[in-house]
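Worksheet: the structure to be examined is printed underneath.
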Amino acid sequence: DLVPLSNKKSWSQFTPELNVSFKVNPSWNIYGRVATGFKSGGFNDTAANNAAFNTPYDPEKLLSFELGSKGTFFDRRLSLNMSVYHSIYKNFQAGVFVPEFVTTNIINAGKAKFTGFELEGQIRPQENLTFNFGYGYVHARYTDFVLPPAVGQTVGTDVTNTYKVPLAPKHNLLLGAEHRLDLGGPQLISSVNWSWRASQWGTITPDVLSRRKAYGLLDARLTLTGIKLGGDAELEFSVWGKNLSDTKYWVSGINLTAFAVRQWGDPRSFGADV
């Protein structure tokens with residue numbers, strides 16, 4: 001007979017944060033931030049044995065540093081936000097796929113570090129025309145990761161330089177534009193956006209069969225807004241297209257040893273909203 005198991009435990013943590021800002025002028029601000037974070041520990045609901053089920057994974061702790069700038073320039077024709085950051089995780093909660101149970105279990109990596117840069121902004125050459133852009137870079141890695149000892153062993157395997165931080169593309173990019181046309185009451189708003197992200201590991205182990213390739217998506221939208229219906233009622237109507245280039249890409253991949261399973265992203269699609 002199956003014997004039901006239950007367990008519980010609570011965790012708590014004080015997470016202070018310090019923010020400092022300097023206003024260079026009324027439209028330009030420079031800031032610095034030091035923050036701490038905390039993610040509760042827990043239990044894996046699927047385990048190989050009772051001992052593993054009853055052993056919780058530890059809470060994850062974060063120490064993060066950020067330096068950035070936010071401003072508008074040239075009579076608000078240009079807005080520009082930039083930041084650099086460095087995050088240090090202790091007992092980083094890493095998900096390890098377990099093929100035998102077709103599930104993911106959480107284990108603690110000793111330490112992980114994320115170092116990155118983010119840039120976003122808008123250019124407005126005319127009142128009714130806006131270009132937007134964004135770029136992000138992140139270097140995510142483990143700096144101390146030793147697997148728990150296997151049965152019959154006393155020393156775990158050091159995977160610091162072999163295991164990967166999944167779902168952390170090193171580069172991502174966004175380009176877009178929006179145009180507003182005044183129709184004497186109603187407005188016709190047209191927009192187009194292209195987003196791209198670099199290849200990324202799908203699982204913690206460097207498995208090429210679950211690695212997601214780099215891809216870009218092109219979306220567009222056309223909206224007629226401000227259509228008067230009488231009184232204060234207004235109508236807005238939109239038509240849109242997503243993944244207009246019909247890019248083939250997958251959003252998840254799992255290697256089950258005998259074969260690999262992948263979930264493909266949405267193909268080209270069109271629609272309308274009212």
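All residue names refer to the structure tokens as shown: chains lettered A, B, ... in order, residues numbered from 1 in each chain, ligands numbered from 1 in order.
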Write out, as a Markdown table, each residue of stretch 51-136 of chain A that has an atom at most 9 Å from stretch 142-150 of chain A, together with the closest pair of atoms and their distance in Å to one decimal, counting only C-alpha atoms, rows going by chain and rising number.
```
| residue | atom | partner | partner_atom | distance |
| --- | --- | --- | --- | --- |
| A:Phe92 | CA | A:Tyr142 | CA | 8.8 |
| A:Ile107 | CA | A:Leu147 | CA | 8.4 |
| A:Asn108 | CA | A:Phe145 | CA | 8.0 |
| A:Ala109 | CA | A:Phe145 | CA | 4.7 |
| A:Gly110 | CA | A:Asp144 | CA | 4.9 |
| A:Lys111 | CA | A:Asp144 | CA | 4.9 |
| A:Ala112 | CA | A:Tyr142 | CA | 4.2 |
| A:Lys113 | CA | A:Tyr142 | CA | 6.3 |
| A:Phe114 | CA | A:Tyr142 | CA | 8.9 |
```
Serialized selection, C-alpha atoms, as an mmCIF file, in the first residue's frame:
```cif
data_model
loop_
_atom_site.group_PDB
_atom_site.id
_atom_site.type_symbol
_atom_site.label_atom_id
_atom_site.label_comp_id
_atom_site.auth_asym_id
_atom_site.auth_seq_id
_atom_site.Cartn_x
_atom_site.Cartn_y
_atom_site.Cartn_z
ATOM 1 C CA PHE A 92 20.619 29.496 -6.145
ATOM 2 C CA ILE A 107 18.346 21.653 -5.968
ATOM 3 C CA ASN A 108 20.611 24.342 -4.548
ATOM 4 C CA ALA A 109 23.661 25.546 -6.423
ATOM 5 C CA GLY A 110 26.212 27.089 -4.095
ATOM 6 C CA LYS A 111 26.533 30.428 -5.888
ATOM 7 C CA ALA A 112 25.494 32.017 -9.181
ATOM 8 C CA LYS A 113 26.235 35.441 -10.642
ATOM 9 C CA PHE A 114 24.373 37.519 -13.227
#
```
Find the nearest atom pair between each residue of stretch 218-261 of chain A and stretch 266-270 of chain A for residues within 10 Å, count only C-alpha atoms, give distances in Å to one decimal, sort rows by chain and ascending number, and present the table as a tab-separated table.
```
residue	atom	partner	partner_atom	distance
A:Leu218	CA	A:Arg268	CA	9.4
A:Asp219	CA	A:Arg268	CA	9.3
A:Ala220	CA	A:Phe270	CA	9.6
A:Arg221	CA	A:Phe270	CA	9.7
A:Val239	CA	A:Phe270	CA	7.5
A:Trp240	CA	A:Phe270	CA	5.7
A:Gly241	CA	A:Phe270	CA	4.4
A:Lys242	CA	A:Ser269	CA	5.3
A:Asn243	CA	A:Arg268	CA	4.7
A:Leu244	CA	A:Arg268	CA	5.3
A:Ser245	CA	A:Arg268	CA	6.9
A:Asp246	CA	A:Arg268	CA	4.7
A:Thr247	CA	A:Pro267	CA	6.9
A:Lys248	CA	A:Pro267	CA	7.1
A:Tyr249	CA	A:Asp266	CA	8.4
A:Trp250	CA	A:Asp266	CA	8.7
A:Val251	CA	A:Asp266	CA	9.2
```
Would you write out those residues with N, CA, C and O atoms, as a PDB file, in the first residue's frame?
```pdb
ATOM      1  N   LEU A 218       8.410  39.236 -35.797  1.00  0.00           N
ATOM      2  CA  LEU A 218       7.904  40.499 -36.328  1.00  0.00           C
ATOM      3  C   LEU A 218       6.399  40.560 -36.109  1.00  0.00           C
ATOM      4  O   LEU A 218       5.660  39.695 -36.581  1.00  0.00           O
ATOM      5  N   ASP A 219       5.927  41.593 -35.394  1.00  0.00           N
ATOM      6  CA  ASP A 219       4.505  41.794 -35.122  1.00  0.00           C
ATOM      7  C   ASP A 219       4.081  43.172 -35.624  1.00  0.00           C
ATOM      8  O   ASP A 219       4.887  44.112 -35.681  1.00  0.00           O
ATOM      9  N   ALA A 220       2.813  43.307 -35.957  1.00  0.00           N
ATOM     10  CA  ALA A 220       2.275  44.598 -36.402  1.00  0.00           C
ATOM     11  C   ALA A 220       0.836  44.730 -35.930  1.00  0.00           C
ATOM     12  O   ALA A 220       0.134  43.731 -35.728  1.00  0.00           O
ATOM     13  N   ARG A 221       0.401  45.974 -35.781  1.00  0.00           N
ATOM     14  CA  ARG A 221      -0.963  46.244 -35.311  1.00  0.00           C
ATOM     15  C   ARG A 221      -1.464  47.547 -35.925  1.00  0.00           C
ATOM     16  O   ARG A 221      -0.714  48.519 -36.031  1.00  0.00           O
ATOM     17  N   VAL A 239      -6.783  45.493 -35.926  1.00  0.00           N
ATOM     18  CA  VAL A 239      -6.386  44.274 -36.623  1.00  0.00           C
ATOM     19  C   VAL A 239      -4.901  44.096 -36.380  1.00  0.00           C
ATOM     20  O   VAL A 239      -4.149  45.070 -36.271  1.00  0.00           O
ATOM     21  N   TRP A 240      -4.466  42.849 -36.258  1.00  0.00           N
ATOM     22  CA  TRP A 240      -3.082  42.608 -35.909  1.00  0.00           C
ATOM     23  C   TRP A 240      -2.549  41.353 -36.583  1.00  0.00           C
ATOM     24  O   TRP A 240      -3.305  40.481 -37.016  1.00  0.00           O
ATOM     25  N   GLY A 241      -1.241  41.290 -36.661  1.00  0.00           N
ATOM     26  CA  GLY A 241      -0.563  40.103 -37.150  1.00  0.00           C
ATOM     27  C   GLY A 241       0.635  39.817 -36.263  1.00  0.00           C
ATOM     28  O   GLY A 241       1.350  40.736 -35.857  1.00  0.00           O
ATOM     29  N   LYS A 242       0.818  38.560 -35.919  1.00  0.00           N
ATOM     30  CA  LYS A 242       1.945  38.153 -35.082  1.00  0.00           C
ATOM     31  C   LYS A 242       2.821  37.156 -35.828  1.00  0.00           C
ATOM     32  O   LYS A 242       2.336  36.358 -36.619  1.00  0.00           O
ATOM     33  N   ASN A 243       4.100  37.250 -35.589  1.00  0.00           N
ATOM     34  CA  ASN A 243       5.086  36.401 -36.270  1.00  0.00           C
ATOM     35  C   ASN A 243       4.862  36.450 -37.779  1.00  0.00           C
ATOM     36  O   ASN A 243       4.673  35.422 -38.444  1.00  0.00           O
ATOM     37  N   LEU A 244       4.858  37.645 -38.319  1.00  0.00           N
ATOM     38  CA  LEU A 244       4.544  37.843 -39.734  1.00  0.00           C
ATOM     39  C   LEU A 244       5.526  37.139 -40.665  1.00  0.00           C
ATOM     40  O   LEU A 244       5.172  36.800 -41.804  1.00  0.00           O
ATOM     41  N   SER A 245       6.749  36.938 -40.219  1.00  0.00           N
ATOM     42  CA  SER A 245       7.726  36.237 -41.052  1.00  0.00           C
ATOM     43  C   SER A 245       7.591  34.723 -40.937  1.00  0.00           C
ATOM     44  O   SER A 245       8.341  33.988 -41.580  1.00  0.00           O
ATOM     45  N   ASP A 246       6.639  34.268 -40.127  1.00  0.00           N
ATOM     46  CA  ASP A 246       6.376  32.831 -39.925  1.00  0.00           C
ATOM     47  C   ASP A 246       7.655  32.092 -39.521  1.00  0.00           C
ATOM     48  O   ASP A 246       7.981  31.020 -40.037  1.00  0.00           O
ATOM     49  N   THR A 247       8.363  32.682 -38.563  1.00  0.00           N
ATOM     50  CA  THR A 247       9.602  32.093 -38.065  1.00  0.00           C
ATOM     51  C   THR A 247       9.312  30.790 -37.313  1.00  0.00           C
ATOM     52  O   THR A 247       8.390  30.721 -36.511  1.00  0.00           O
ATOM     53  N   LYS A 248      10.108  29.773 -37.583  1.00  0.00           N
ATOM     54  CA  LYS A 248       9.980  28.490 -36.880  1.00  0.00           C
ATOM     55  C   LYS A 248      10.914  28.533 -35.666  1.00  0.00           C
ATOM     56  O   LYS A 248      12.130  28.666 -35.809  1.00  0.00           O
ATOM     57  N   TYR A 249      10.350  28.399 -34.497  1.00  0.00           N
ATOM     58  CA  TYR A 249      11.157  28.424 -33.275  1.00  0.00           C
ATOM     59  C   TYR A 249      10.448  27.602 -32.215  1.00  0.00           C
ATOM     60  O   TYR A 249       9.251  27.364 -32.290  1.00  0.00           O
ATOM     61  N   TRP A 250      11.190  27.125 -31.229  1.00  0.00           N
ATOM     62  CA  TRP A 250      10.552  26.374 -30.159  1.00  0.00           C
ATOM     63  C   TRP A 250      10.741  27.072 -28.823  1.00  0.00           C
ATOM     64  O   TRP A 250      11.713  27.790 -28.595  1.00  0.00           O
ATOM     65  N   VAL A 251       9.766  26.880 -27.956  1.00  0.00           N
ATOM     66  CA  VAL A 251       9.750  27.560 -26.655  1.00  0.00           C
ATOM     67  C   VAL A 251      10.133  26.627 -25.527  1.00  0.00           C
ATOM     68  O   VAL A 251      10.321  27.071 -24.391  1.00  0.00           O
TER      69      VAL A 251
END
```
message: Taking only stretch 9-244 of chain A into account, list the residues labelled helix (DSSP H, G or I) by DSSP (computed from the backbone), as a PyMOL selection string.
response: chain A and resi 50-54+208-210
Could you write out that same residue set with N, CA, C and O atoms as an mmCIF file, in the first residue's frame?
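What ended up in selection.cif:
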```cif
data_model
loop_
_atom_site.group_PDB
_atom_site.id
_atom_site.type_symbol
_atom_site.label_atom_id
_atom_site.label_comp_id
_atom_site.auth_asym_id
_atom_site.auth_seq_id
_atom_site.Cartn_x
_atom_site.Cartn_y
_atom_site.Cartn_z
ATOM 1 N N ASN A 50 11.654 8.362 -0.014
ATOM 2 C CA ASN A 50 11.060 9.155 1.067
ATOM 3 C C ASN A 50 12.050 10.159 1.641
ATOM 4 O O ASN A 50 11.686 11.283 1.985
ATOM 5 N N ALA A 51 13.317 9.744 1.745
ATOM 6 C CA ALA A 51 14.318 10.641 2.314
ATOM 7 C C ALA A 51 14.478 11.891 1.452
ATOM 8 O O ALA A 51 14.590 13.009 1.963
ATOM 9 N N ALA A 52 14.475 11.696 0.126
ATOM 10 C CA ALA A 52 14.606 12.840 -0.773
ATOM 11 C C ALA A 52 13.388 13.749 -0.677
ATOM 12 O O ALA A 52 13.498 14.979 -0.724
ATOM 13 N N PHE A 53 12.198 13.133 -0.541
ATOM 14 C CA PHE A 53 10.984 13.934 -0.420
ATOM 15 C C PHE A 53 10.997 14.765 0.863
ATOM 16 O O PHE A 53 10.550 15.911 0.887
ATOM 17 N N ASN A 54 11.515 14.192 1.942
ATOM 18 C CA ASN A 54 11.504 14.870 3.238
ATOM 19 C C ASN A 54 12.660 15.846 3.419
ATOM 20 O O ASN A 54 12.759 16.503 4.458
ATOM 21 N N VAL A 208 22.538 19.760 -26.247
ATOM 22 C CA VAL A 208 22.283 20.467 -27.509
ATOM 23 C C VAL A 208 20.886 20.173 -28.043
ATOM 24 O O VAL A 208 20.333 20.962 -28.826
ATOM 25 N N LEU A 209 20.284 19.039 -27.672
ATOM 26 C CA LEU A 209 18.949 18.710 -28.160
ATOM 27 C C LEU A 209 17.865 19.560 -27.511
ATOM 28 O O LEU A 209 16.751 19.657 -28.034
ATOM 29 N N SER A 210 18.148 20.170 -26.368
ATOM 30 C CA SER A 210 17.171 21.027 -25.711
ATOM 31 C C SER A 210 17.556 22.504 -25.806
ATOM 32 O O SER A 210 16.868 23.361 -25.251
#
```
message: Would you pick out the contacts of stretch 120-129 of chain A at 12 Å or less, using only C-alpha atoms, so that residues sharing its chain but fewer than 3 positions from it are not included, and give the list as a PyMOL selection string?
response: chain A and resi 68-83+117+132-137+172-182+187-192
Expected file contents, prior selection, C-alpha atoms, as a compact mmCIF listing (two decimals), in the first residue's frame:
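What landed in selection25.txt:
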```txt
# COMPACT_ATOMS: atom_id res chain seq x y z
CA GLY A 68 21.77 53.54 -14.05
CA SER A 69 20.60 56.68 -15.77
CA LYS A 70 17.18 57.88 -16.94
CA GLY A 71 16.65 61.00 -18.97
CA THR A 72 14.99 62.88 -21.79
CA PHE A 73 16.97 65.10 -24.15
CA PHE A 74 16.64 67.44 -27.13
CA ASP A 75 13.29 68.92 -26.13
CA ARG A 76 11.99 65.43 -25.24
CA ARG A 77 12.73 64.12 -28.71
CA LEU A 78 14.97 61.43 -27.19
CA SER A 79 14.39 59.41 -24.04
CA LEU A 80 17.16 57.11 -22.91
CA ASN A 81 17.43 54.70 -19.97
CA MET A 82 20.58 52.72 -19.23
CA SER A 83 21.66 50.45 -16.40
CA PHE A 117 23.58 45.77 -19.17
CA ASN A 132 11.58 52.65 -29.87
CA PHE A 133 14.56 50.43 -29.23
CA GLY A 134 16.00 48.22 -26.56
CA TYR A 135 19.00 46.00 -25.95
CA GLY A 136 19.91 43.67 -23.12
CA TYR A 137 23.04 41.70 -22.30
CA ASN A 172 18.14 40.37 -26.74
CA LEU A 173 17.06 43.19 -29.02
CA LEU A 174 13.89 45.16 -29.69
CA LEU A 175 13.13 47.62 -32.51
CA GLY A 176 9.78 49.23 -33.18
CA ALA A 177 7.86 52.18 -34.58
CA GLU A 178 4.45 53.79 -34.05
CA HIS A 179 2.64 56.35 -36.20
CA ARG A 180 -0.53 58.24 -35.24
CA LEU A 181 -2.74 59.79 -37.92
CA ASP A 182 -5.40 62.28 -36.86
CA GLN A 187 -7.06 58.36 -34.70
CA LEU A 188 -5.43 55.67 -36.81
CA ILE A 189 -2.48 54.14 -34.94
CA SER A 190 -0.11 51.84 -36.80
CA SER A 191 2.73 50.03 -35.08
CA VAL A 192 5.34 47.44 -35.92
```
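Ranking A:Asp45, A:Glu236, A:Glu17, A:Glu66 by their shortest atom-to-atom distance to A:Leu5, with only C-alpha atoms included, puts A:Asp45 first.
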field: Secondary structure check, strand (DSSP E or B) residues of stretch 51-243 of chain A, as a PyMOL selection string
entry: chain A and resi 57+60-73+78-98+103-126+129-144+146+158+171-182+187-197+200+212+215-230+233-242
message: Between atom CA of A:Val20 and atom CA of A:Val138, what distance in Å does the model show, to one decimal?
response: 23.6 Å
field: Top pick for closest residue to A:Ser40, considering A:Tyr85, A:Phe131, A:Trp11, A:Phe22 and counting only C-alpha atoms
entry: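 Checking each of A:Tyr85, A:Phe131, A:Trp11, A:Phe22 against A:Ser40, counting only C-alpha atoms, the winner is A:Trp11.
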task: Point out the residue among A:Phe237, A:Phe14, A:Tyr31, A:Trp194 with the least atom-to-atom distance to A:Thr223, counting only C-alpha atoms.
output: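 So, comparing all the options, the nearest one is A:Phe237.
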- request: Rank A:Ser12, A:Asn19, A:Asn7, A:Arg211 by their smallest atom-to-atom distance to A:Ala260, using only C-alpha atoms, and report the top residue only.
  value: A:Arg211
A:Pro56 surroundings by only C-alpha atoms, 7 Å radius, close-in-sequence under 2 positions cut, as a ChimeraX atom specification: /A:41-43,54,58
For those residues, write N, CA and C atoms to a file as a CSV table (one decimal), in the first residue's frame.
```
chain,number,residue,atom,x,y,z
A,41,GLY,N,12.5,28.5,0.6
A,41,GLY,CA,12.9,27.1,0.3
A,41,GLY,C,11.6,26.3,0.1
A,42,GLY,N,11.7,25.0,0.0
A,42,GLY,CA,10.5,24.2,-0.3
A,42,GLY,C,10.9,22.7,-0.4
A,43,PHE,N,9.9,22.0,-0.8
A,43,PHE,CA,10.0,20.5,-1.0
A,43,PHE,C,9.7,20.1,-2.4
A,54,ASN,N,11.5,14.2,1.9
A,54,ASN,CA,11.5,14.9,3.2
A,54,ASN,C,12.7,15.8,3.4
A,58,ASP,N,17.0,24.6,0.2
A,58,ASP,CA,17.2,25.8,1.0
A,58,ASP,C,16.7,27.1,0.3
```
task: Just the residues within 9 Å of A:Lys170, please, counting only C-alpha atoms, with nothing from its chain fewer than 4 positions along; format it as JSON, numbers by chain.
output: {"A": [116, 136, 137, 138, 139, 140, 197, 198, 199, 200]}
Output of the above residues as a CSV table (one decimal), in the first residue's frame, restricted to N, CA, C and O atoms:
```
chain,number,residue,atom,x,y,z
A,116,GLY,N,25.0,42.2,-16.1
A,116,GLY,CA,24.3,42.6,-17.3
A,116,GLY,C,24.3,44.1,-17.6
A,116,GLY,O,24.7,44.9,-16.7
A,136,GLY,N,19.5,44.2,-24.4
A,136,GLY,CA,19.9,43.7,-23.1
A,136,GLY,C,21.0,42.7,-23.3
A,136,GLY,O,21.1,41.9,-24.3
A,137,TYR,N,21.9,42.7,-22.3
A,137,TYR,CA,23.0,41.7,-22.3
A,137,TYR,C,23.1,41.1,-20.9
A,137,TYR,O,23.0,41.9,-19.9
A,138,VAL,N,23.3,39.8,-20.8
A,138,VAL,CA,23.5,39.2,-19.5
A,138,VAL,C,24.5,38.0,-19.6
A,138,VAL,O,24.4,37.3,-20.5
A,139,HIS,N,25.4,38.0,-18.6
A,139,HIS,CA,26.3,36.9,-18.5
A,139,HIS,C,25.9,36.2,-17.2
A,139,HIS,O,26.2,36.6,-16.1
A,140,ALA,N,25.2,35.0,-17.3
A,140,ALA,CA,24.7,34.3,-16.2
A,140,ALA,C,25.6,33.0,-16.1
A,140,ALA,O,25.8,32.3,-17.0
A,197,ARG,N,16.1,37.4,-29.8
A,197,ARG,CA,16.9,36.9,-28.7
A,197,ARG,C,17.8,35.8,-29.1
A,197,ARG,O,17.6,35.0,-30.0
A,198,ALA,N,19.0,35.8,-28.5
A,198,ALA,CA,20.1,34.9,-28.8
A,198,ALA,C,19.7,33.5,-28.4
A,198,ALA,O,18.7,33.3,-27.7
A,199,SER,N,20.5,32.5,-28.8
A,199,SER,CA,20.2,31.1,-28.4
A,199,SER,C,20.4,31.0,-26.9
A,199,SER,O,21.1,31.8,-26.2
A,200,GLN,N,19.7,30.0,-26.3
A,200,GLN,CA,19.7,29.8,-24.9
A,200,GLN,C,19.6,28.3,-24.5
A,200,GLN,O,19.0,27.6,-25.3
```
Residue neighbourhood A:Lys39, 8 Å, only C-alpha atoms, exclusion window fewer than 6 positions, as an mmCIF file with N, CA, C and O atoms, in the first residue's frame:
```cif
data_model
loop_
_atom_site.group_PDB
_atom_site.id
_atom_site.type_symbol
_atom_site.label_atom_id
_atom_site.label_comp_id
_atom_site.auth_asym_id
_atom_site.auth_seq_id
_atom_site.Cartn_x
_atom_site.Cartn_y
_atom_site.Cartn_z
ATOM 1 N N PRO A 59 16.437 28.097 1.086
ATOM 2 C CA PRO A 59 16.027 29.362 0.480
ATOM 3 C C PRO A 59 17.171 29.987 -0.319
ATOM 4 O O PRO A 59 18.347 29.762 -0.030
ATOM 5 N N GLU A 60 16.787 30.727 -1.326
ATOM 6 C CA GLU A 60 17.743 31.417 -2.188
ATOM 7 C C GLU A 60 17.890 32.864 -1.713
ATOM 8 O O GLU A 60 16.904 33.531 -1.417
ATOM 9 N N LYS A 61 19.122 33.346 -1.640
ATOM 10 C CA LYS A 61 19.380 34.709 -1.189
ATOM 11 C C LYS A 61 20.100 35.493 -2.276
ATOM 12 O O LYS A 61 20.925 34.954 -3.009
#
```
field: Residue nearest A:Gly226 among A:Leu183, A:Asn255, A:Lys213, A:Trp264 (counting only C-alpha atoms)
entry: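 Of A:Leu183, A:Asn255, A:Lys213, A:Trp264, the one nearest A:Gly226, counting only C-alpha atoms, is A:Leu183.
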Atom-to-atom span, atom CA of A:Gln13 and atom CA of A:Val165, Å: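 The value is 24.8 Å.
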